[in-house]
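Q: File follows, entry-v6.cif with mmCIF, C-alpha atoms:
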```cif
data_coords
#
loop_
_atom_site.label_atom_id
_atom_site.label_comp_id
_atom_site.auth_asym_id
_atom_site.auth_seq_id
_atom_site.Cartn_x
_atom_site.Cartn_y
_atom_site.Cartn_z
CA MET Q 28 197.19 42.31 -37.98
CA LEU Q 29 200.28 40.72 -36.53
CA ALA Q 30 201.09 43.96 -34.77
CA ASN Q 31 197.78 43.76 -32.92
CA MET Q 32 198.55 40.24 -31.84
CA THR Q 33 202.02 40.98 -30.56
CA SER Q 34 201.39 44.34 -28.91
CA GLY Q 35 200.50 42.64 -25.64
CA LEU Q 36 203.71 40.66 -25.82
CA ASP Q 37 205.61 43.88 -26.28
CA PHE Q 38 204.26 45.28 -23.01
CA HIS Q 39 205.13 42.15 -21.09
CA SER Q 40 208.61 41.90 -22.57
CA LYS Q 41 209.33 45.46 -21.41
CA ALA Q 42 208.02 44.57 -17.98
CA LEU Q 43 210.24 41.48 -17.98
CA VAL Q 44 213.35 43.52 -18.81
CA LEU Q 45 212.56 45.93 -15.99
CA ARG Q 46 211.94 43.07 -13.56
CA ALA Q 47 215.35 41.61 -14.49
CA GLU Q 48 216.87 45.05 -13.98
CA ARG Q 49 215.33 45.37 -10.53
CA GLN Q 50 216.49 41.87 -9.66
CA ARG Q 51 220.03 42.92 -10.55
CA VAL Q 52 219.83 46.09 -8.45
CA ILE Q 53 218.57 44.17 -5.40
CA ALA Q 54 221.28 41.52 -5.87
CA GLY Q 55 223.83 44.35 -5.73
CA ASN Q 56 222.29 45.56 -2.48
CA ILE Q 57 222.45 42.10 -0.92
CA ALA Q 58 226.06 41.69 -2.07
CA ASN Q 59 226.97 44.98 -0.39
CA ALA Q 60 225.15 44.29 2.88
CA ASP Q 61 228.43 44.54 4.82
CA THR Q 62 230.15 47.32 2.88
CA PRO Q 63 230.71 50.44 5.00
CA GLY Q 64 229.02 53.54 3.61
CA TYR Q 65 227.04 51.73 0.91
CA ALA Q 66 223.59 53.20 0.25
CA ALA Q 67 221.02 50.68 -0.98
CA ARG Q 68 219.40 51.44 -4.33
CA ASP Q 69 216.04 50.75 -5.89
CA PHE Q 70 213.66 52.27 -8.42
CA ASN Q 71 209.97 52.95 -8.78
CA PHE Q 72 208.81 50.06 -10.93
CA SER Q 73 205.42 51.40 -12.04
CA GLN Q 74 207.04 54.69 -13.01
CA ALA Q 75 209.80 52.97 -14.96
CA LEU Q 76 207.28 50.73 -16.74
CA ALA Q 77 205.09 53.69 -17.61
CA ASP Q 78 208.08 55.48 -19.09
CA ALA Q 79 209.31 52.39 -20.94
CA THR Q 80 205.95 51.68 -22.56
CA GLY Q 81 205.33 55.34 -23.30
CA MET Q 82 202.11 55.38 -21.30
CA ALA Q 83 200.93 58.41 -19.41
CA SER Q 84 201.74 57.88 -15.77
CA SER Q 85 198.10 58.47 -14.79
CA ASN Q 86 197.17 55.24 -16.57
CA LEU Q 87 199.16 53.22 -14.09
CA GLY Q 88 198.08 55.12 -11.04
CA ALA Q 89 201.35 56.90 -10.38
CA SER Q 90 200.66 60.44 -9.23
CA LYS Q 91 203.53 62.35 -10.79
CA SER Q 92 205.97 61.46 -13.51
CA ALA Q 93 209.58 61.53 -12.39
CA SER Q 94 210.60 62.92 -15.75
CA THR Q 95 208.62 66.11 -15.23
CA PRO Q 96 210.32 68.13 -12.53
CA ALA Q 97 208.27 69.42 -9.62
CA HIS Q 98 210.01 72.76 -9.72
CA ALA Q 99 211.05 74.86 -12.69
CA LYS Q 100 214.71 74.84 -11.60
CA HIS Q 101 214.93 71.11 -11.01
CA ILE Q 102 216.89 69.11 -13.54
CA ALA Q 103 214.64 66.66 -15.34
CA LEU Q 104 215.63 63.01 -15.11
CA SER Q 105 216.13 61.38 -18.45
CA ASN Q 106 213.59 58.86 -19.65
CA THR Q 107 214.20 55.15 -19.94
CA GLN Q 108 214.79 54.00 -23.47
CA GLY Q 109 213.50 50.66 -24.69
CA GLY Q 110 212.99 49.22 -21.24
CA SER Q 111 216.55 49.70 -20.06
CA LEU Q 112 217.26 51.85 -17.11
CA ASP Q 113 220.03 54.38 -16.73
CA SER Q 114 221.71 54.78 -13.39
CA GLN Q 115 220.18 58.21 -12.83
CA ARG Q 116 216.77 56.63 -12.33
CA LEU Q 117 218.01 54.61 -9.40
CA ALA Q 118 217.04 56.12 -6.09
CA TYR Q 119 218.69 55.64 -2.71
CA THR Q 120 216.73 53.94 0.03
CA VAL Q 121 216.70 55.43 3.50
CA GLN Q 122 218.05 53.68 6.57
CA THR Q 123 215.37 51.87 8.56
CA GLN Q 124 217.73 51.41 11.46
CA PRO Q 125 220.74 53.65 11.91
CA SER Q 126 224.05 51.85 11.53
CA LEU Q 127 227.44 53.07 12.65
CA ASP Q 128 229.17 52.41 9.32
CA GLY Q 129 226.60 54.31 7.25
CA ASN Q 130 225.34 51.23 5.40
CA SER Q 131 221.65 51.55 4.54
CA VAL Q 132 220.97 47.96 3.41
CA ASP Q 133 218.13 46.42 5.39
CA MET Q 134 218.57 42.71 4.77
CA ASP Q 135 214.94 41.81 5.63
CA ARG Q 136 213.61 44.39 3.25
CA GLU Q 137 216.03 43.46 0.48
CA ARG Q 138 215.24 39.76 0.76
CA ALA Q 139 211.52 40.45 0.76
CA ASN Q 140 211.92 42.70 -2.29
CA PHE Q 141 214.06 40.07 -3.99
CA MET Q 142 211.49 37.28 -3.49
CA ASP Q 143 208.62 39.58 -4.43
CA ASN Q 144 210.40 40.62 -7.60
CA ALA Q 145 211.27 37.00 -8.45
CA ILE Q 146 207.63 35.94 -8.21
CA ARG Q 147 206.48 38.90 -10.29
CA TYR Q 148 209.16 38.05 -12.86
CA GLU Q 149 207.77 34.52 -13.04
CA SER Q 150 204.22 35.77 -13.39
CA THR Q 151 205.29 38.01 -16.26
CA LEU Q 152 206.91 34.95 -17.82
CA ARG Q 153 203.59 33.13 -17.50
CA PHE Q 154 201.71 35.97 -19.15
CA ILE Q 155 204.17 35.85 -22.05
CA ASN Q 156 203.88 32.08 -22.30
CA GLY Q 157 200.08 32.22 -22.26
CA GLN Q 158 200.00 34.90 -24.90
CA ALA Q 159 202.49 33.01 -27.07
CA LYS Q 160 200.33 29.91 -26.83
CA THR Q 161 197.25 31.91 -27.79
CA ILE Q 162 199.00 33.32 -30.84
CA LEU Q 163 200.31 29.89 -31.81
CA SER Q 164 196.89 28.30 -31.62
CA ALA Q 165 195.46 31.17 -33.65
CA ILE Q 166 198.12 30.65 -36.32
CA GLN Q 167 197.70 26.90 -36.46
CA GLY Q 168 193.91 27.03 -36.36
CA GLN Q 169 193.63 23.54 -34.95
CA MET U 28 221.16 39.98 -20.62
CA SER U 29 221.25 41.94 -17.44
CA MET U 30 220.29 38.98 -15.26
CA PHE U 31 223.61 37.30 -15.99
CA SER U 32 225.50 39.98 -14.12
CA ILE U 33 223.72 38.86 -10.94
CA PHE U 34 226.08 35.88 -10.99
CA ASN U 35 229.12 38.15 -11.14
CA VAL U 36 227.77 40.37 -8.36
CA SER U 37 226.89 37.47 -6.06
CA ALA U 38 230.14 35.67 -6.85
CA SER U 39 232.13 38.75 -5.85
CA ALA U 40 230.19 38.90 -2.58
CA ILE U 41 230.74 35.19 -1.93
CA THR U 42 234.48 35.58 -2.56
CA ALA U 43 234.67 38.56 -0.23
CA GLN U 44 232.69 36.84 2.52
CA SER U 45 234.77 33.68 2.29
CA GLN U 46 237.90 35.78 2.60
CA ARG U 47 236.37 37.32 5.71
CA LEU U 48 235.71 33.81 7.03
CA ASN U 49 239.33 32.91 6.31
CA VAL U 50 240.56 35.88 8.31
CA VAL U 51 238.24 34.96 11.20
CA ALA U 52 239.58 31.42 11.09
CA SER U 53 243.21 32.56 11.32
CA ASN U 54 242.31 34.95 14.17
CA LEU U 55 240.59 32.18 16.13
CA ALA U 56 243.43 29.76 15.43
CA ASN U 57 245.93 32.27 16.82
CA ALA U 58 243.80 33.41 19.74
CA ASP U 59 246.00 31.61 22.27
CA ALA U 60 249.37 32.43 20.69
CA VAL U 61 251.83 34.15 23.02
CA SER U 62 255.12 35.88 22.33
CA GLY U 63 257.99 37.21 24.40
CA ASP U 64 258.41 40.20 22.12
CA SER U 65 255.31 42.41 22.37
CA ALA U 66 255.84 43.66 18.81
CA LYS U 67 255.73 40.11 17.47
CA ALA U 68 252.55 39.07 19.32
CA TYR U 69 249.70 38.09 17.01
CA LYS U 70 247.41 40.96 16.10
CA ALA U 71 243.81 40.27 15.07
CA ARG U 72 243.19 40.93 11.38
CA GLN U 73 240.06 42.45 9.90
CA VAL U 74 238.82 42.84 6.34
CA THR U 75 237.38 46.06 4.94
CA PHE U 76 234.84 45.77 2.13
CA GLU U 77 234.53 48.14 -0.77
CA THR U 78 231.90 48.56 -3.47
CA VAL U 79 233.23 47.89 -6.96
CA PRO U 80 231.37 48.62 -10.23
CA MET U 81 230.92 45.57 -12.47
CA GLY U 82 230.38 45.82 -16.17
CA SER U 83 228.77 48.74 -17.95
CA ASP U 84 225.17 48.25 -16.80
CA GLY U 85 225.64 49.82 -13.38
CA SER U 86 225.71 46.66 -11.28
CA VAL U 87 227.82 46.86 -8.17
CA GLY U 88 229.79 44.06 -6.62
CA VAL U 89 231.96 44.00 -3.55
CA ARG U 90 235.60 43.23 -2.89
CA VAL U 91 238.01 43.19 0.01
CA GLN U 92 239.75 46.53 -0.09
CA ALA U 93 242.25 45.93 2.70
CA ILE U 94 243.12 43.59 5.54
CA THR U 95 244.13 45.64 8.55
CA GLU U 96 245.68 44.59 11.83
CA ASN U 97 244.09 45.62 15.08
CA GLN U 98 246.84 47.68 16.78
CA ILE U 99 245.57 47.33 20.35
CA GLN U 100 248.29 45.92 22.61
CA GLY U 101 247.64 42.35 23.73
CA ALA U 102 247.51 41.57 27.43
CA LYS U 103 250.91 41.23 29.15
CA GLU U 104 251.42 38.54 31.72
CA HIS U 105 254.24 38.05 34.20
CA ASN U 106 255.20 34.42 33.76
CA PRO U 107 258.98 33.91 34.13
CA GLY U 108 258.61 30.14 33.81
CA HIS U 109 257.21 30.40 30.30
CA PRO U 110 259.72 29.32 27.62
CA ALA U 111 258.87 32.37 25.50
CA ALA U 112 259.18 34.92 28.32
CA ASP U 113 261.44 37.96 27.78
CA GLU U 114 264.25 39.11 30.14
CA GLN U 115 261.79 40.67 32.59
CA GLY U 116 259.72 37.50 32.58
CA TYR U 117 256.77 38.89 30.59
CA ILE U 118 254.81 37.23 27.79
CA THR U 119 252.37 39.05 25.50
CA HIS U 120 249.10 37.42 24.49
CA SER U 121 247.44 37.99 21.12
CA ASN U 122 244.80 40.73 21.06
CA VAL U 123 242.15 38.44 19.50
CA SER U 124 238.73 38.67 21.12
CA PRO U 125 237.06 35.27 20.56
CA VAL U 126 233.56 36.70 21.13
CA GLU U 127 234.07 39.35 18.45
CA GLU U 128 235.43 36.74 16.06
CA MET U 129 232.47 34.43 16.61
CA VAL U 130 230.04 37.27 15.91
CA ASN U 131 232.03 38.15 12.79
CA MET U 132 231.91 34.52 11.71
CA ILE U 133 228.12 34.27 12.08
CA SER U 134 227.65 37.50 10.16
CA ALA U 135 229.94 36.32 7.35
CA SER U 136 228.23 32.95 7.10
CA ARG U 137 224.75 34.51 6.95
CA SER U 138 225.82 36.93 4.23
CA TYR U 139 227.36 34.05 2.31
CA GLN U 140 224.09 32.09 2.53
CA ASN U 141 222.08 35.09 1.40
CA ASN U 142 224.22 35.49 -1.70
CA VAL U 143 224.03 31.79 -2.54
CA GLU U 144 220.26 32.07 -2.36
CA VAL U 145 220.31 35.09 -4.66
CA MET U 146 222.33 33.08 -7.17
CA ASN U 147 219.93 30.15 -6.96
CA THR U 148 216.91 32.36 -7.53
CA ALA U 149 218.59 34.04 -10.50
CA LYS U 150 219.41 30.62 -11.94
CA THR U 151 215.80 29.44 -11.58
CA LEU U 152 214.48 32.59 -13.23
CA LEU U 153 216.92 32.34 -16.14
CA LEU U 154 216.07 28.67 -16.70
CA LYS U 155 212.38 29.54 -16.76
CA THR U 156 213.10 32.35 -19.21
CA LEU U 157 214.75 29.80 -21.49
CA GLN U 158 211.49 27.85 -21.58
CA ILE U 159 209.38 30.68 -22.98
CA GLY U 160 207.04 29.37 -25.67
CA GLN U 161 207.44 25.68 -24.86
#
```
Go ahead and render the structure in this file as C-alpha cells.

A:
Amino acid sequence: MLANMTSGLDFHSKALVLRAERQRVIAGNIANADTPGYAARDFNFSQALADATGMASSNLGASKSASTPAHAKHIALSNTQGGSLDSQRLAYTVQTQPSLDGNSVDMDRERANFMDNAIRYESTLRFINGQAKTILSAIQGQ
Amino acid sequence: MSMFSIFNVSASAITAQSQRLNVVASNLANADAVSGDSAKAYKARQVTFETVPMGSDGSVGVRVQAITENQIQGAKEHNPGHPAADEQGYITHSNVSPVEEMVNMISASRSYQNNVEVMNTAKTLLLKTLQIGQ
C-alpha cells in the first residue's frame, strides 16, 4: 500500500538526483570556459533517467538505448546505478564556433542549459512537494 | 550531495579568474615602466589555466597552472636625457600592450560574474531542496 503511494516519489527523486548531476556538469563547463583544450561535457538526460528508473527507453521517446551498442564490436556503456552517473556516460559537446585554443565551451549554450536545468530542478522539487502533501493529507485524513 | 561540489568548482574558477585579474592589474600598472637594461625591462605576465579534478564524483574545477612572461622585446627608444638611459643613451619600454590587457580584463570579469551567478543559482536550488515537505 505504502509502496504504491511512494512509487511516484521514487521516480521524481531519481530525476532530482540526475538534475543535480547535470547542474554540476554544467557548472564545471562554465568554470572551465577559459581553459585551453577543455572539451565541454553533457549527458542525455532522458536516456539517463530511463536507465536510472529501469524503464525501457521507448517509454520516454528515446530512439536507441546508449547501453545497447549499435554495432556488435562496440563496447557497451555501463548503466547508471541508483540515479548516479558514472563519468563514462558523459559525452563531449562539439564546438559551435572554432576556437584557437581548442576549448569547446559555448558560454551562451552553457548558460542557457544551466538556467533550463535549474528551472526543471525546481519543477521536480514542486512535483515532490505536491506528492508529499497528497500523501500527508491521505495519512491524516482531515 | 553532488550539488555541494558546485561551490568548490565555482570557487576554484573564481580564484583563478581573480588571479588573472591580478596579473592584468600588475601589467597595466607597469605598462609605462622603462629600464636602461633591456633584460630588466618589465615583461607582461600571463596566466595559463588548467582543468583539475575535484572530489571523487567527476566534477572538474580550474586552477592557474603557470604564470608566464611574454618574451617579446619591448620597444627601444633613443633618449640620452632620460635618467635611466644606458651608455648608448637607450631606454627599453615594457612590452605590455594596454589594449590586450583591457580585453583580458573584460574577459576575466565576465567569467567571474558567470561563476558567481552559478553559485547563486546552486544556493537557491539547495535552499529550496531543504524546504521539501514544508

Q: Could you check which of Q:Ile57, Q:Leu29, Q:Ala118, Q:Gly168 is closest to Glu144 (chain U), using all atoms listed in the file?

A: Q:Ile57

Q: Write out as a tab-separated table a residue-level contact list of chain U versus chain Q with cut-off 10 Å: for each qualifying residue the closest pair of atoms and the distance in Å to one decimal, counting only C-alpha atoms, rows sorted by chain and residue number upward.

A:
```
residue	atom	partner	partner_atom	distance
U:Met28	CA	Q:Ala47	CA	8.6
U:Ser29	CA	Q:Glu48	CA	6.4
U:Met30	CA	Q:Ala47	CA	5.6
U:Phe31	CA	Q:Arg51	CA	8.6
U:Ser32	CA	Q:Arg51	CA	7.2
U:Ile33	CA	Q:Arg51	CA	5.5
U:Phe34	CA	Q:Ala54	CA	9.0
U:Asn35	CA	Q:Gly55	CA	9.8
U:Val36	CA	Q:Gly55	CA	6.2
U:Ser37	CA	Q:Ala58	CA	5.9
U:Ala38	CA	Q:Ala58	CA	8.7
U:Ser39	CA	Q:Ala58	CA	7.7
U:Ala40	CA	Q:Ala58	CA	5.0
U:Ile41	CA	Q:Ala58	CA	8.0
U:Ala43	CA	Q:Ala58	CA	9.3
U:Gln44	CA	Q:Asp61	CA	9.1
U:Thr75	CA	Q:Thr62	CA	7.6
U:Phe76	CA	Q:Thr62	CA	5.0
U:Glu77	CA	Q:Thr62	CA	5.8
U:Thr78	CA	Q:Thr62	CA	6.7
U:Val79	CA	Q:Asn59	CA	9.5
U:Pro80	CA	Q:Gly55	CA	9.8
U:Met81	CA	Q:Gly55	CA	9.9
U:Asp84	CA	Q:Asp113	CA	8.0
U:Gly85	CA	Q:Ser114	CA	6.3
U:Ser86	CA	Q:Gly55	CA	6.3
U:Val87	CA	Q:Gly55	CA	5.3
U:Gly88	CA	Q:Gly55	CA	6.0
U:Val89	CA	Q:Asn59	CA	6.0
U:Arg90	CA	Q:Thr62	CA	8.9
U:Val91	CA	Q:Thr62	CA	9.3
U:Ser134	CA	Q:Asp61	CA	8.9
U:Ala135	CA	Q:Asp61	CA	8.7
U:Ser138	CA	Q:Ala60	CA	7.5
U:Tyr139	CA	Q:Ala58	CA	8.9
U:Asn141	CA	Q:Ile57	CA	7.4
U:Asn142	CA	Q:Ala58	CA	6.5
U:Glu144	CA	Q:Arg138	CA	9.7
U:Val145	CA	Q:Ala54	CA	6.6
U:Met146	CA	Q:Ala54	CA	8.6
U:Thr148	CA	Q:Ala145	CA	7.4
U:Ala149	CA	Q:Gln50	CA	8.2
U:Thr151	CA	Q:Ala145	CA	9.4
U:Leu152	CA	Q:Glu149	CA	7.0
U:Leu153	CA	Q:Ala47	CA	9.5
U:Lys155	CA	Q:Glu149	CA	7.7
U:Thr156	CA	Q:Leu152	CA	6.9
U:Gln158	CA	Q:Asn156	CA	8.7
U:Ile159	CA	Q:Asn156	CA	5.7
U:Gly160	CA	Q:Asn156	CA	5.4
U:Gln161	CA	Q:Asn156	CA	7.8
```

Q: Translate the PyMOL selection byres ((chain U and resi 49) around 12) into a concrete residue list for this structure, as a tab-separated table (two decimals) with C-alpha atoms, keeping the file's coordinate frame.

A:
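Contents of selection-v3.tsv, as written:
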```
chain	number	residue	atom	x	y	z
U	42	THR	CA	234.48	35.58	-2.56
U	43	ALA	CA	234.67	38.56	-0.23
U	44	GLN	CA	232.69	36.84	2.52
U	45	SER	CA	234.77	33.68	2.29
U	46	GLN	CA	237.90	35.78	2.60
U	47	ARG	CA	236.37	37.32	5.71
U	48	LEU	CA	235.71	33.81	7.03
U	50	VAL	CA	240.56	35.88	8.31
U	51	VAL	CA	238.24	34.96	11.20
U	52	ALA	CA	239.58	31.42	11.09
U	53	SER	CA	243.21	32.56	11.32
U	54	ASN	CA	242.31	34.95	14.17
U	55	LEU	CA	240.59	32.18	16.13
U	56	ALA	CA	243.43	29.76	15.43
U	72	ARG	CA	243.19	40.93	11.38
U	73	GLN	CA	240.06	42.45	9.90
U	74	VAL	CA	238.82	42.84	6.34
U	94	ILE	CA	243.12	43.59	5.54
U	128	GLU	CA	235.43	36.74	16.06
U	131	ASN	CA	232.03	38.15	12.79
U	132	MET	CA	231.91	34.52	11.71
U	135	ALA	CA	229.94	36.32	7.35
U	136	SER	CA	228.23	32.95	7.10
```

Q: Please evaluate the PyMOL selection byres ((chain Q and resi 35) around 12) against the displayed coordinates and give the resulting residues as a list of chain:residue names.

A: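 For this structure, the PyMOL selection byres ((chain Q and resi 35) around 12) captures Q:Leu29, Q:Ala30, Q:Asn31, Q:Met32, Q:Thr33, Q:Ser34, Q:Leu36, Q:Asp37, Q:Phe38, Q:His39, Q:Ser40, Q:Lys41, Q:Ala42, Q:Thr80, Q:Thr151, Q:Phe154, Q:Ile155, Q:Asn156, Q:Gly157, Q:Gln158, Q:Ala159, Q:Thr161, Q:Ile162.
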
Q: Expressed in Å to a single decimal, how great is the separation between CA of Thr95 (chain U) and CA of Lys70 (chain U)?

A: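 A separation of 9.5 Å between them.
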
Q: I'd like the interatomic distance between CA of Val121 (chain Q) and CA of Asp135 (chain Q), to a tenth of an Å.

A: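 These atoms are spaced 13.9 Å apart.
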
Q: Any chance you could work out the residue set of the PyMOL selection byres ((chain U and resi 117) around 8) here, as a list in words?

A: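 For this structure, the PyMOL selection byres ((chain U and resi 117) around 8) resolves to Gly63, Lys103, Glu104, His105, Asn106, Pro107, Ala112, Asp113, Glu114, Gln115, Gly116, Ile118 and Thr119 of chain U.
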
Q: Just how far from CA of Val130 (chain U) is CA of Arg68 (chain Q), in Å to one decimal?

A: 26.9 Å
